[in-house]
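Structure below is work-v2.txt: compact mmCIF, C-alpha atoms and all ligand atoms.
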# COMPACT_ATOMS: atom_id res chain seq x y z
CA MET A 231 103.54 120.95 131.62
CA ASN A 232 100.12 122.57 131.65
CA CYS A 233 97.77 123.54 128.85
CA PHE A 234 98.80 126.66 126.93
CA ASN A 235 95.23 128.03 127.03
CA HIS A 236 94.37 126.77 130.52
CA PRO A 237 97.41 127.18 132.83
CA ASP A 238 95.51 125.43 135.65
CA LYS A 239 94.90 122.23 133.66
CA PRO A 240 97.56 119.60 132.97
CA ALA A 241 98.44 119.05 129.33
CA ILE A 242 97.74 115.61 127.83
CA GLY A 243 100.11 116.27 124.93
CA THR A 244 101.48 118.86 122.56
CA CYS A 245 100.25 120.15 119.20
CA LYS A 246 102.28 118.67 116.36
CA ALA A 247 102.29 121.98 114.49
CA CYS A 248 103.16 124.51 117.21
CA SER A 249 104.33 122.25 120.09
CA LYS A 250 102.11 124.00 122.66
CA GLY A 251 100.76 122.00 125.58
CA LEU A 252 97.11 121.02 125.21
CA CYS A 253 94.51 119.79 127.70
CA MET A 254 91.63 117.41 126.89
CA GLU A 255 89.46 120.38 125.96
CA CYS A 256 91.90 122.04 123.55
CA ALA A 257 93.37 119.00 121.81
CA THR A 258 92.08 117.20 118.75
CA ASP A 259 93.34 113.68 118.27
CA LEU A 260 93.99 113.21 114.55
CA GLY A 261 95.12 109.62 114.85
CA HIS A 262 98.82 110.30 114.37
CA GLY A 263 99.15 113.22 116.75
CA LEU A 264 97.42 116.03 118.60
CA ALA A 265 96.52 119.43 117.23
CA CYS A 266 95.12 122.68 118.63
CA LYS A 267 91.38 122.27 118.24
CA GLY A 268 90.18 124.41 115.32
CA ILE A 269 93.56 126.11 114.83
CA HIS A 270 96.19 123.62 113.65
CA GLU A 271 94.03 120.66 112.59
CA THR A 272 94.74 121.27 108.90
CA GLU A 273 98.45 121.83 109.46
CA VAL A 274 98.86 118.62 111.43
CA ASN A 275 96.80 116.70 108.89
CA ASN A 276 99.11 117.96 106.13
CA LEU A 277 102.14 117.03 108.21
CA ASN A 278 100.77 113.52 108.71
CA MET A 279 100.10 113.22 104.99
CA ILE A 280 103.69 114.18 104.13
CA VAL A 281 105.04 111.68 106.66
CA SER A 282 102.89 108.79 105.44
CA LYS A 283 103.64 109.69 101.83
CA SER A 284 107.39 109.56 102.32
CA ALA A 285 106.97 106.25 104.12
CA GLU A 286 105.03 105.00 101.10
CA ILE A 287 107.77 106.11 98.71
CA TYR A 288 110.38 104.44 100.85
CA SER A 289 108.50 101.13 100.96
CA ALA A 290 107.84 101.31 97.20
CA ALA A 291 111.58 101.17 96.56
CA PRO A 292 112.79 97.78 97.72
CA LYS A 293 116.53 97.43 97.79
CA ASN A 294 116.60 94.79 95.04
CA THR A 295 114.75 97.02 92.54
CA MET A 296 118.00 98.20 91.04
CA ILE A 297 120.06 95.08 91.75
CA ALA A 298 118.13 92.69 89.49
CA PRO A 299 118.81 94.60 86.23
CA PHE A 300 122.51 94.79 87.01
CA PHE A 301 122.54 91.08 87.73
CA TYR A 302 121.09 90.41 84.26
CA LEU A 303 123.57 92.82 82.68
CA PHE A 304 126.43 91.09 84.46
CA MET A 305 125.21 87.65 83.40
CA GLY A 306 124.83 88.94 79.86
CA LEU A 307 128.39 90.22 79.78
CA VAL A 308 129.70 86.92 81.15
CA PHE A 309 127.80 84.89 78.56
CA ALA A 310 128.63 87.23 75.69
CA GLY A 311 132.28 87.41 76.70
CA PHE A 312 132.46 83.64 77.07
CA GLY A 313 130.78 83.12 73.69
CA TYR A 314 132.92 85.68 71.94
CA PHE A 315 136.35 84.76 73.34
CA SER A 316 136.03 81.03 74.05
CA MET A 317 133.63 79.80 71.39
CA GLY A 318 135.14 82.06 68.77
CA GLY A 319 132.10 83.64 67.23
CA VAL A 320 129.18 85.99 67.68
CA THR A 321 126.70 83.53 66.17
CA ASP A 322 127.18 80.91 68.91
CA LEU A 323 124.47 80.31 71.47
CA PRO A 324 126.31 81.72 74.54
CA PHE A 325 126.86 85.05 72.81
CA VAL A 326 123.23 85.27 71.68
CA MET A 327 122.08 84.35 75.18
CA GLY A 328 124.40 87.01 76.58
CA ILE A 329 122.86 89.66 74.34
CA GLY A 330 119.44 88.44 75.43
CA PHE A 331 120.39 88.88 79.09
CA ILE A 332 121.74 92.38 78.44
CA VAL A 333 118.58 93.43 76.60
CA PHE A 334 116.40 91.91 79.36
CA GLY A 335 118.47 93.73 82.00
CA ILE A 336 117.98 97.06 80.23
CA VAL A 337 114.24 96.41 79.89
CA VAL A 338 113.92 95.59 83.62
CA PHE A 339 116.02 98.63 84.53
CA VAL A 340 113.89 101.02 82.43
CA ARG A 341 110.64 99.45 83.68
CA ASN A 342 111.70 99.67 87.34
CA ARG A 343 112.70 103.28 86.87
CA ALA A 344 109.34 104.04 85.24
CA ILE A 345 107.39 102.38 88.09
CA PHE A 346 109.46 104.11 90.74
CA GLY A 347 109.23 107.46 88.93
CA VAL A 348 105.42 107.34 88.74
CA LYS A 349 105.07 106.61 92.46
CA LYS A 350 107.51 109.39 93.28
CA ASN A 351 105.58 112.02 91.31
CA LYS A 352 102.18 111.16 92.81
ZN ZN B 1 98.96 124.18 117.41
ZN ZN B 2 93.18 123.75 127.43

Represent the supplied structure as structure tokens.
Amino acid sequence: MNCFNHPDKPAIGTCKACSKGLCMECATDLGHGLACKGIHETEVNNLNMIVSKSAEIYSAAPKNTMIAPFFYLFMGLVFAGFGYFSMGGVTDLPFVMGIGFIVFGIVVFVRNRAIFGVKKNK
């Protein structure tokens, strides 16, 4: 492929915005890709920003973010159920601990959602 503007010169790459072939003279290296010098620099910069932003959002959401709260909720239910059915009362320690786990799970869940939501809206 040759340069779109200079058919006699070989292209060193293509513009990320319009995919035209560019020679050394016509291309601007923006770090993440080439752009038509003075024409598509802004477009490609915006494209790069969107790409790096979505990568940031993806990395800000580790897979265990939503697993931990459910683990606490599950533990809470096990403890509360055990306390209620086996120990025969809601004032026993296992039941109280179970409620504690459930409350903690909800708190972690809400907090994780809040953190993730803020990063998403940025
Ligand atoms: Zn272009
Ligand atoms: Zn050229």

Could you list the protein, DNA and RNA residues that have any atom within 6 Å of ligand ZN 1 (chain B), counting only C-alpha atoms and all ligand atoms, and write them as a ChimeraX atom specification? /A:245,247-248,265-266,270

Which chains and residue numbers are within 7 Å of ligand ZN 2 (chain B), counting all atoms listed in the file, if I want them as a list in words?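 Protein and nucleic-acid residues within 7 Å of ligand ZN 2 (chain B): Cys233, Phe234, Asn235, His236, Lys239, Leu252, Cys253, Met254, Glu255 and Cys256 of chain A.
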
Using only C-alpha atoms: which of A:Leu264, A:Leu303, A:Val274, A:Ile297 has the shortest distance to Gly328 (chain A):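 Between A:Leu264, A:Leu303, A:Val274, A:Ile297, the residue approaching Gly328 (chain A) most closely is A:Leu303.
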
Any idea what's packed within 6 Å of Phe325 (chain A), counting all atoms listed in the file, ignoring anything in its chain fewer than 3 positions away? Could you give it as a list in words?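 Counting only the stated atoms, we get Phe309, Ala310, Gly313, Val320, Asp322 and Gly328 of chain A.
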
Just C-alpha atoms for this one: save the residues we selected as a PDB file, keeping the file's coordinate frame.
ATOM      1  CA  PHE A 309     127.800  84.890  78.560  1.00  0.00           C
ATOM      2  CA  ALA A 310     128.630  87.230  75.690  1.00  0.00           C
ATOM      3  CA  GLY A 313     130.780  83.120  73.690  1.00  0.00           C
ATOM      4  CA  VAL A 320     129.180  85.990  67.680  1.00  0.00           C
ATOM      5  CA  ASP A 322     127.180  80.910  68.910  1.00  0.00           C
ATOM      6  CA  GLY A 328     124.400  87.010  76.580  1.00  0.00           C
TER       7      GLY A 328
END

How many Å separate CA of Lys246 (chain A) from CA of Ile280 (chain A)?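 Between CA of Lys246 (chain A) and CA of Ile280 (chain A) the gap is 13.1 Å.
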
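For the pair CA of Val338 (chain A) and CA of Ile287 (chain A), the interatomic distance is 19.4 Å.
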
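Nearest-residue note for Asn342 (chain A): choosing from A:Tyr314, A:Ala298, A:Pro324, A:Lys283, the minimum distance belongs to A:Ala298, counting all atoms listed in the file.
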
Would you work out the distance separating CA of Phe339 (chain A) from CA of Pro299 (chain A), expressed in Å to one decimal?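 Going from CA of Phe339 (chain A) over to CA of Pro299 (chain A), I get 5.2 Å.
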
Write out as a CSV table (one decimal) with C-alpha atoms, in the coordinates of the input the residues lying within 12 Å of Val326 (chain A), counting only C-alpha atoms and excluding same-chain residues fewer than 3 positions away.
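For reference, result.csv as written:
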chain,number,residue,atom,x,y,z
A,306,GLY,CA,124.8,88.9,79.9
A,307,LEU,CA,128.4,90.2,79.8
A,308,VAL,CA,129.7,86.9,81.2
A,309,PHE,CA,127.8,84.9,78.6
A,310,ALA,CA,128.6,87.2,75.7
A,311,GLY,CA,132.3,87.4,76.7
A,312,PHE,CA,132.5,83.6,77.1
A,313,GLY,CA,130.8,83.1,73.7
A,314,TYR,CA,132.9,85.7,71.9
A,317,MET,CA,133.6,79.8,71.4
A,319,GLY,CA,132.1,83.6,67.2
A,320,VAL,CA,129.2,86.0,67.7
A,321,THR,CA,126.7,83.5,66.2
A,322,ASP,CA,127.2,80.9,68.9
A,323,LEU,CA,124.5,80.3,71.5
A,329,ILE,CA,122.9,89.7,74.3
A,330,GLY,CA,119.4,88.4,75.4
A,331,PHE,CA,120.4,88.9,79.1
A,332,ILE,CA,121.7,92.4,78.4
A,333,VAL,CA,118.6,93.4,76.6

Could you give me, as a list of chain:residue names, the residues that sit within 6 Å of (99.7, 119.3, 128.1) in the file's coordinates, counting all atoms listed in the file? A:Met231, A:Asn232, A:Cys233, A:Pro240, A:Ala241, A:Ile242, A:Gly243, A:Thr244, A:Gly251, A:Leu252, A:Cys253
